[in-house]
Amino acid sequence: LGGPGQGKNLREALSLFEELGDLPHEAQARGNLGFVAAHAGRWNEAVEWFVSCRAVYERIGDVIGASLAGLNLGEMLTNQRRFGEAKPVLQNARRVMQAAGFTDGAEYAAVQLARVLIEEGDLAEAHGLLAAAEATFLALGQNSSALEAAMVLADCLTRADDAMGALQRLDEAGARTDAEDIDHFACSVALARARALTSLDRLGEARAILDDGIALAHERGMPYEEALLGQAATKIIERVRGVDPEKGRYAAMLAELGVVDADYRKLLQSPTR
């Protein structure tokens with residue numbers, strides 16, 4: 001996804017659906033354009049497509065379509081650290097999916113909502129949502145989704161001063177997940193593991209994992225993951241040496257994705273920049 005040809009074809013299809021008044025296919029095209037923009041790193045554009053996709057689904061009364069668009073929108077806003085905007089969107093998507101019996105969709109919305117709660121400091125509520133989501137995914141045989149829940153749960157545990165518990169959770173999730181899915185989430189798993197190791201002052205182990213993760217994310221063209229891993233490495237470097245010349249680059253990478261990043265704002269405001 002994200003190639004110019006794919007986006008051009010979808011835009012042409014969207015124009016056709018608009019001309020025909022085919023609202024279901026128009027909504028679908030808008031959602032697909034959101035995914036194309038997201039994978040191409042045009043996150044602000046992706047947000048706009050998901051907003052319009054949800055609006056069209058709401059117009060035709062397709063509550064499941066609207067809730068899925070809301071889930072995609074909420075995840076994107078969460079990635080951009082626009083937590084105040086993301087929270088009500090995710091809460092609504094989860095509520096609708098629960099009412100419709102769309103269990104796995106509701107649990108995935110819960111995982112994204114938990115990410116917001118963690119940032120708000122509501123670790124107990126986040127833990128409850130994540131543990132329930134992980135258990136549900138396992139009961140459904142969706143080990144890949146269970147791994148994703150476990151990664152966020154590990155971050156929650158680390159922030160709650162249970163880094164050993166976080167590492168154990170990651171080990172358990174990895175043991176039950178096939179190699180292909182583990183490889184797919186390799187950068188995110190590396191970040192969760194490194195954060196836990198950093199919390200335990202096992203800085204050498206954490207730094208090695210982060211360096212490998214940064215290289216992998218760069219190779220795969222994943223700027224968001226590369227920047228998050230880089231920022232985690234910067235925290236270690238600053239503890240040891242006090243200065244990391246790459247800090248500004250990682251903050252700028254996030255800013256290009258529309259991420260609300262405090263470090264980048266500070267750099268812009270610095271009189272020595």
# chains A, B, ... in the order shown; residues from 1 in each chain; ligands from 1
call {"tool": "residues_around", "arguments": {"residues": "Arg202 of chain A", "least_positions_apart": "6", "cutoff": "12 Å", "atoms": "only C-alpha atoms", "output": "list in words"}}
result
Ala163, Met164, Arg193, Ala194, Arg195, Ala196, Ala208, Ile209 and Ile236 of chain A
call {"tool": "write_last_selection", "arguments": {"atoms": "all heavy atoms", "output": "short mmCIF file (atom, residue, chain, number, x, y, z; two decimals), in the first residue's frame"}}
result
data_model
loop_
_atom_site.label_atom_id
_atom_site.label_comp_id
_atom_site.auth_asym_id
_atom_site.auth_seq_id
_atom_site.Cartn_x
_atom_site.Cartn_y
_atom_site.Cartn_z
N ALA A 163 8.55 -4.37 35.77
CA ALA A 163 9.25 -4.66 34.53
C ALA A 163 9.51 -6.16 34.35
O ALA A 163 9.50 -6.67 33.23
CB ALA A 163 10.56 -3.89 34.47
N MET A 164 9.75 -6.85 35.44
CA MET A 164 9.95 -8.30 35.35
C MET A 164 8.68 -8.97 34.86
O MET A 164 8.72 -9.90 34.04
CB MET A 164 10.37 -8.87 36.70
CG MET A 164 11.80 -8.52 37.10
SD MET A 164 13.04 -9.13 35.91
CE MET A 164 12.76 -10.90 35.98
N ARG A 193 10.25 -4.65 25.06
CA ARG A 193 11.26 -5.37 25.84
C ARG A 193 12.36 -4.41 26.32
O ARG A 193 12.79 -4.47 27.48
CB ARG A 193 11.87 -6.49 25.00
CG ARG A 193 12.80 -7.41 25.78
CD ARG A 193 13.25 -8.59 24.94
NE ARG A 193 12.13 -9.45 24.60
CZ ARG A 193 11.62 -10.38 25.42
NH1 ARG A 193 12.14 -10.54 26.63
NH2 ARG A 193 10.62 -11.13 25.03
N ALA A 194 12.79 -3.51 25.44
CA ALA A 194 13.85 -2.58 25.80
C ALA A 194 13.40 -1.61 26.90
O ALA A 194 14.18 -1.26 27.79
CB ALA A 194 14.30 -1.79 24.57
N ARG A 195 12.15 -1.19 26.85
CA ARG A 195 11.65 -0.30 27.90
C ARG A 195 11.66 -1.00 29.26
O ARG A 195 12.02 -0.40 30.28
CB ARG A 195 10.23 0.16 27.56
CG ARG A 195 10.17 1.26 26.51
CD ARG A 195 8.74 1.57 26.09
NE ARG A 195 8.65 2.75 25.24
CZ ARG A 195 7.57 3.11 24.57
NH1 ARG A 195 6.46 2.38 24.67
NH2 ARG A 195 7.56 4.19 23.81
N ALA A 196 11.29 -2.27 29.26
CA ALA A 196 11.31 -3.03 30.51
C ALA A 196 12.74 -3.20 31.02
O ALA A 196 13.01 -3.02 32.21
CB ALA A 196 10.65 -4.38 30.31
N ALA A 208 21.28 -2.84 23.04
CA ALA A 208 21.52 -3.78 21.94
C ALA A 208 20.22 -4.10 21.20
O ALA A 208 20.18 -4.15 19.96
CB ALA A 208 22.16 -5.06 22.47
N ILE A 209 19.16 -4.31 21.96
CA ILE A 209 17.86 -4.60 21.35
C ILE A 209 17.37 -3.40 20.55
O ILE A 209 16.86 -3.53 19.44
CB ILE A 209 16.84 -4.98 22.44
CG1 ILE A 209 17.18 -6.37 23.01
CG2 ILE A 209 15.41 -4.96 21.90
CD1 ILE A 209 16.34 -6.76 24.20
N ILE A 236 18.60 6.27 27.02
CA ILE A 236 19.73 5.52 27.58
C ILE A 236 21.03 6.29 27.37
O ILE A 236 21.85 6.44 28.29
CB ILE A 236 19.83 4.12 26.94
CG1 ILE A 236 18.60 3.29 27.32
CG2 ILE A 236 21.12 3.42 27.38
CD1 ILE A 236 18.56 1.93 26.64
#
call {"tool": "closest_atom_pairs", "arguments": {"of": "segment 49-125 of chain A", "to": "segment 134-148 of chain A", "cutoff": "10 Å", "atoms": "only C-alpha atoms", "output": "JSON lines"}}
result
{"residue": "A:Thr103", "atom": "CA", "partner": "A:Thr136", "partner_atom": "CA", "distance": 8.4}
{"residue": "A:Asp104", "atom": "CA", "partner": "A:Phe137", "partner_atom": "CA", "distance": 7.0}
{"residue": "A:Glu107", "atom": "CA", "partner": "A:Thr136", "partner_atom": "CA", "distance": 7.6}
{"residue": "A:Tyr108", "atom": "CA", "partner": "A:Ser145", "partner_atom": "CA", "distance": 7.8}
{"residue": "A:Val111", "atom": "CA", "partner": "A:Glu148", "partner_atom": "CA", "distance": 8.2}
call {"tool": "residues_around", "arguments": {"residues": "Ala29 of chain A", "least_positions_apart": "5", "cutoff": "8 Å", "atoms": "only C-alpha atoms", "output": "list in words"}}
result
Leu10, Arg11, Ala13 and Leu14 of chain A
call {"tool": "write_last_selection", "arguments": {"atoms": "N, CA and C atoms", "output": "mmCIF file, in the first residue's frame"}}
result
data_model
loop_
_atom_site.group_PDB
_atom_site.id
_atom_site.type_symbol
_atom_site.label_atom_id
_atom_site.label_comp_id
_atom_site.auth_asym_id
_atom_site.auth_seq_id
_atom_site.Cartn_x
_atom_site.Cartn_y
_atom_site.Cartn_z
ATOM 1 N N LEU A 10 -7.628 4.466 -6.693
ATOM 2 C CA LEU A 10 -8.677 4.602 -5.687
ATOM 3 C C LEU A 10 -9.393 5.950 -5.806
ATOM 4 N N ARG A 11 -8.641 6.984 -6.099
ATOM 5 C CA ARG A 11 -9.263 8.306 -6.267
ATOM 6 C C ARG A 11 -10.194 8.314 -7.480
ATOM 7 N N ALA A 13 -11.730 5.686 -8.618
ATOM 8 C CA ALA A 13 -12.895 4.904 -8.223
ATOM 9 C C ALA A 13 -13.817 5.722 -7.326
ATOM 10 N N LEU A 14 -13.228 6.496 -6.407
ATOM 11 C CA LEU A 14 -14.024 7.343 -5.527
ATOM 12 C C LEU A 14 -14.856 8.338 -6.334
#
call {"tool": "closest_residue", "arguments": {"among": "A:Ile214, A:Leu33, A:Leu77, A:Ala27", "to": "Val56 of chain A", "atoms": "only C-alpha atoms"}}
result
A:Ala27
call {"tool": "closest_residue", "arguments": {"among": "A:Leu113, A:Leu210, A:Ala227, A:Ala215", "to": "Glu256 of chain A", "atoms": "only C-alpha atoms"}}
result
A:Ala227
call {"tool": "closest_residue", "arguments": {"among": "A:Ala150, A:Thr78, A:Gly165, A:Val259", "to": "Gly41 of chain A", "atoms": "only C-alpha atoms"}}
result
A:Val259
call {"tool": "atom_distance", "arguments": {"atom1": "atom CA of Phe17 of chain A", "atom2": "atom CA of Ala93 of chain A"}}
result
25.7 Å
call {"tool": "residues_around", "arguments": {"residues": "Thr158 of chain A", "least_positions_apart": "5", "cutoff": "12 Å", "atoms": "only C-alpha atoms", "output": "mmCIF file with N, CA, C and O atoms, in the first residue's frame"}}
result
data_model
loop_
_atom_site.group_PDB
_atom_site.id
_atom_site.type_symbol
_atom_site.label_atom_id
_atom_site.label_comp_id
_atom_site.auth_asym_id
_atom_site.auth_seq_id
_atom_site.Cartn_x
_atom_site.Cartn_y
_atom_site.Cartn_z
ATOM 1 N N ILE A 118 -3.055 4.483 29.409
ATOM 2 C CA ILE A 118 -1.686 4.417 29.926
ATOM 3 C C ILE A 118 -1.055 5.803 29.922
ATOM 4 O O ILE A 118 -0.426 6.228 30.897
ATOM 5 N N LEU A 123 -3.372 3.320 34.903
ATOM 6 C CA LEU A 123 -2.753 2.030 34.617
ATOM 7 C C LEU A 123 -3.641 0.860 35.020
ATOM 8 O O LEU A 123 -3.648 -0.178 34.346
ATOM 9 N N HIS A 127 -4.778 -1.935 32.448
ATOM 10 C CA HIS A 127 -4.402 -3.332 32.698
ATOM 11 C C HIS A 127 -5.609 -4.247 32.566
ATOM 12 O O HIS A 127 -5.539 -5.317 31.944
ATOM 13 N N MET A 151 1.936 -6.825 24.088
ATOM 14 C CA MET A 151 2.955 -5.786 23.973
ATOM 15 C C MET A 151 2.534 -4.513 24.706
ATOM 16 O O MET A 151 3.329 -3.896 25.412
ATOM 17 N N VAL A 152 1.276 -4.139 24.533
ATOM 18 C CA VAL A 152 0.783 -2.942 25.222
ATOM 19 C C VAL A 152 0.690 -3.205 26.721
ATOM 20 O O VAL A 152 1.016 -2.341 27.549
ATOM 21 N N LEU A 153 0.287 -4.421 27.082
ATOM 22 C CA LEU A 153 0.218 -4.780 28.495
ATOM 23 C C LEU A 153 1.606 -4.735 29.130
ATOM 24 O O LEU A 153 1.762 -4.307 30.282
ATOM 25 N N ALA A 163 8.548 -4.366 35.773
ATOM 26 C CA ALA A 163 9.253 -4.661 34.526
ATOM 27 C C ALA A 163 9.513 -6.156 34.355
ATOM 28 O O ALA A 163 9.495 -6.672 33.234
ATOM 29 N N MET A 164 9.754 -6.851 35.445
ATOM 30 C CA MET A 164 9.950 -8.298 35.351
ATOM 31 C C MET A 164 8.676 -8.971 34.861
ATOM 32 O O MET A 164 8.716 -9.898 34.039
ATOM 33 N N GLY A 165 7.540 -8.505 35.347
ATOM 34 C CA GLY A 165 6.268 -9.029 34.875
ATOM 35 C C GLY A 165 6.060 -8.742 33.400
ATOM 36 O O GLY A 165 5.508 -9.562 32.660
ATOM 37 N N ALA A 166 6.529 -7.583 32.959
ATOM 38 C CA ALA A 166 6.420 -7.218 31.539
ATOM 39 C C ALA A 166 7.229 -8.169 30.674
ATOM 40 O O ALA A 166 6.756 -8.654 29.637
ATOM 41 N N LEU A 167 8.457 -8.459 31.093
ATOM 42 C CA LEU A 167 9.301 -9.374 30.328
ATOM 43 C C LEU A 167 8.700 -10.778 30.290
ATOM 44 O O LEU A 167 8.735 -11.449 29.251
ATOM 45 N N GLN A 168 8.146 -11.203 31.415
ATOM 46 C CA GLN A 168 7.515 -12.523 31.462
ATOM 47 C C GLN A 168 6.323 -12.585 30.507
ATOM 48 O O GLN A 168 6.138 -13.584 29.796
ATOM 49 N N ARG A 169 5.545 -11.520 30.457
ATOM 50 C CA ARG A 169 4.377 -11.480 29.580
ATOM 51 C C ARG A 169 4.806 -11.556 28.121
ATOM 52 O O ARG A 169 4.188 -12.254 27.305
ATOM 53 N N LEU A 170 5.870 -10.849 27.781
ATOM 54 C CA LEU A 170 6.373 -10.884 26.413
ATOM 55 C C LEU A 170 6.898 -12.269 26.047
ATOM 56 O O LEU A 170 6.688 -12.744 24.927
ATOM 57 N N LEU A 191 10.741 -2.683 21.240
ATOM 58 C CA LEU A 191 10.523 -1.472 22.032
ATOM 59 C C LEU A 191 9.984 -1.817 23.415
ATOM 60 O O LEU A 191 10.472 -1.300 24.427
ATOM 61 N N ALA A 192 8.996 -2.699 23.476
ATOM 62 C CA ALA A 192 8.410 -3.076 24.763
ATOM 63 C C ALA A 192 9.446 -3.760 25.649
ATOM 64 O O ALA A 192 9.539 -3.493 26.859
ATOM 65 N N ARG A 193 10.248 -4.649 25.061
ATOM 66 C CA ARG A 193 11.263 -5.366 25.838
ATOM 67 C C ARG A 193 12.356 -4.407 26.322
ATOM 68 O O ARG A 193 12.789 -4.473 27.477
ATOM 69 N N ALA A 194 12.787 -3.511 25.436
ATOM 70 C CA ALA A 194 13.849 -2.578 25.804
ATOM 71 C C ALA A 194 13.399 -1.614 26.900
ATOM 72 O O ALA A 194 14.182 -1.265 27.792
ATOM 73 N N ARG A 195 12.146 -1.185 26.851
ATOM 74 C CA ARG A 195 11.651 -0.300 27.903
ATOM 75 C C ARG A 195 11.664 -0.999 29.257
ATOM 76 O O ARG A 195 12.023 -0.399 30.278
ATOM 77 N N ALA A 196 11.286 -2.267 29.263
ATOM 78 C CA ALA A 196 11.307 -3.028 30.515
ATOM 79 C C ALA A 196 12.736 -3.198 31.019
ATOM 80 O O ALA A 196 13.014 -3.020 32.215
ATOM 81 N N LEU A 197 13.661 -3.539 30.134
ATOM 82 C CA LEU A 197 15.059 -3.714 30.527
ATOM 83 C C LEU A 197 15.667 -2.406 31.018
ATOM 84 O O LEU A 197 16.448 -2.393 31.981
ATOM 85 N N THR A 198 15.307 -1.303 30.384
ATOM 86 C CA THR A 198 15.788 0.007 30.826
ATOM 87 C C THR A 198 15.302 0.306 32.230
ATOM 88 O O THR A 198 16.050 0.813 33.073
ATOM 89 N N SER A 199 14.038 -0.042 32.499
ATOM 90 C CA SER A 199 13.478 0.169 33.834
ATOM 91 C C SER A 199 14.220 -0.633 34.892
ATOM 92 O O SER A 199 14.309 -0.224 36.046
ATOM 93 N N LEU A 200 14.791 -1.762 34.480
ATOM 94 C CA LEU A 200 15.552 -2.624 35.400
ATOM 95 C C LEU A 200 17.032 -2.248 35.436
ATOM 96 O O LEU A 200 17.834 -2.947 36.057
#
call {"tool": "atom_distance", "arguments": {"atom1": "atom CA of Leu229 of chain A", "atom2": "atom CA of Pro88 of chain A"}}
result
28.0 Å
call {"tool": "closest_residue", "arguments": {"among": "A:Val96, A:Val260, A:Ala55, A:Ala126", "to": "Ala160 of chain A", "atoms": "only C-alpha atoms"}}
result
A:Ala126
call {"tool": "atom_distance", "arguments": {"atom1": "atom CA of Cys187 of chain A", "atom2": "atom CA of Asn32 of chain A"}}
result
24.7 Å
